[in-house]
Amino acid sequence: MTGSSTLTSTPTSAPTSASTATPTANPTPPSPAHSLRVAVAVRPGDDLGFRLAGAEVREVSPGEEPAAFRALLADPRLGVLCVEEALLAAAPARLLGRARARGLPVLLPFALPRRWGEAGRGQAWVAALIRRAIGYGVKLGSTGPGGAPGGAT
């Protein structure tokens, strides 16, 4: 057996060329999880950063929430739906309950800063996640000069 042109792993007395070897077919088709995608739902005007990152974005105006969520949650190829928390609060509870019961798409709420320098509103969620993971609360805050917490040097 010689070279990389061999497609079979069985030793033979003569080299097997790529043109005469029979490749084996994939016996199992790819699972649906391989084709799931991520989408982002935001209010109009909040989409630019997500689009620049290459995300699929759905802008949802006030009053369009039921129709938009019905369409998004009915898509069988949607694996994760990232939703701005104010928009999620306006979503019909019945539709969200069906999505939770089905398990897909996974709903991932997030908060966008609304003013320059505004602290992330997601800090409480992150603190709760850390508390659950390690068993006690930690204080999240800005660092002071030299990187020390709370301004200490």
# chains A, B, ... in the order shown; residues from 1 in each chain; ligands from 1
>>> residues_around(residues="Val83 (chain A)", least_positions_apart="2", cutoff="8 Å", atoms="only C-alpha atoms", output="JSON, numbers by chain")
{"A": [40, 41, 42, 81, 85, 87, 88, 107, 108, 109, 110]}
>>> residues_around(residues="Glu65 (chain A)", least_positions_apart="2", cutoff="9 Å", atoms="only C-alpha atoms", output="ChimeraX atom specification")
/A:60-63,67-70,87-88,90-92
>>> write_last_selection(atoms="N, CA and C atoms", output="compact mmCIF listing (two decimals), in the first residue's frame")
# COMPACT_ATOMS: atom_id res chain seq x y z
N VAL A 60 -38.12 44.08 15.47
CA VAL A 60 -39.52 43.95 15.85
C VAL A 60 -40.00 45.28 16.42
N SER A 61 -40.93 45.91 15.71
CA SER A 61 -41.50 47.18 16.16
C SER A 61 -42.57 46.93 17.21
N PRO A 62 -42.84 47.93 18.06
CA PRO A 62 -43.92 47.79 19.04
C PRO A 62 -45.23 47.44 18.33
N GLY A 63 -45.93 46.46 18.87
CA GLY A 63 -47.18 45.99 18.28
C GLY A 63 -47.00 44.79 17.37
N ALA A 67 -46.84 38.47 16.13
CA ALA A 67 -46.56 37.90 14.81
C ALA A 67 -45.08 37.55 14.65
N ALA A 68 -44.21 38.43 15.13
CA ALA A 68 -42.77 38.18 14.99
C ALA A 68 -42.34 36.95 15.80
N PHE A 69 -42.80 36.85 17.03
CA PHE A 69 -42.42 35.70 17.85
C PHE A 69 -43.06 34.42 17.33
N ARG A 70 -44.27 34.50 16.82
CA ARG A 70 -44.92 33.32 16.25
C ARG A 70 -44.07 32.78 15.09
N LEU A 87 -37.86 43.62 24.73
CA LEU A 87 -38.66 42.98 23.69
C LEU A 87 -39.23 41.65 24.21
N LEU A 88 -38.43 40.92 24.94
CA LEU A 88 -38.89 39.65 25.50
C LEU A 88 -40.05 39.86 26.47
N ALA A 90 -42.35 41.94 26.18
CA ALA A 90 -43.55 42.22 25.40
C ALA A 90 -44.03 41.01 24.59
N ALA A 91 -43.28 39.92 24.64
CA ALA A 91 -43.64 38.73 23.88
C ALA A 91 -44.81 38.00 24.55
N PRO A 92 -45.68 37.40 23.77
CA PRO A 92 -46.80 36.65 24.34
C PRO A 92 -46.32 35.48 25.20
>>> atom_distance(atom1="CA of Leu36 (chain A)", atom2="CA of Asp75 (chain A)")
9.9 Å
>>> atom_distance(atom1="CA of Pro113 (chain A)", atom2="CA of Leu48 (chain A)")
14.0 Å
>>> select_by_dssp(residues="region 51-95 of chain A", states="helix (DSSP H, G or I)", output="NGL selection string")
:A and (51-52 or 65-74 or 85-89 or 93-95)
>>> write_last_selection(atoms="C-alpha atoms", output="mmCIF file, in the first residue's frame")
data_model
loop_
_atom_site.group_PDB
_atom_site.id
_atom_site.type_symbol
_atom_site.label_atom_id
_atom_site.label_comp_id
_atom_site.auth_asym_id
_atom_site.auth_seq_id
_atom_site.Cartn_x
_atom_site.Cartn_y
_atom_site.Cartn_z
ATOM 1 C CA ARG A 51 -25.497 42.643 11.564
ATOM 2 C CA LEU A 52 -21.840 43.722 11.428
ATOM 3 C CA GLU A 65 -44.396 41.145 18.881
ATOM 4 C CA PRO A 66 -47.043 38.392 18.559
ATOM 5 C CA ALA A 67 -46.562 37.903 14.807
ATOM 6 C CA ALA A 68 -42.765 38.179 14.994
ATOM 7 C CA PHE A 69 -42.417 35.699 17.849
ATOM 8 C CA ARG A 70 -44.920 33.320 16.250
ATOM 9 C CA ALA A 71 -42.794 33.254 13.080
ATOM 10 C CA LEU A 72 -39.453 33.007 14.886
ATOM 11 C CA LEU A 73 -40.508 30.304 17.342
ATOM 12 C CA ALA A 74 -42.162 28.213 14.615
ATOM 13 C CA GLU A 85 -34.953 41.873 27.410
ATOM 14 C CA ALA A 86 -37.460 44.716 26.838
ATOM 15 C CA LEU A 87 -38.662 42.976 23.693
ATOM 16 C CA LEU A 88 -38.886 39.646 25.496
ATOM 17 C CA ALA A 89 -41.087 41.256 28.158
ATOM 18 C CA ALA A 93 -46.341 34.377 27.369
ATOM 19 C CA ARG A 94 -48.216 31.518 25.681
ATOM 20 C CA LEU A 95 -45.749 31.435 22.777
#
>>> atom_distance(atom1="CA of Pro44 (chain A)", atom2="CA of Glu59 (chain A)")
5.1 Å
>>> select_by_dssp(residues="region 53-120 of chain A", states="strand (DSSP E or B)", output="MDAnalysis selection string")
chainID A and resid 56:59 78:84 106:110
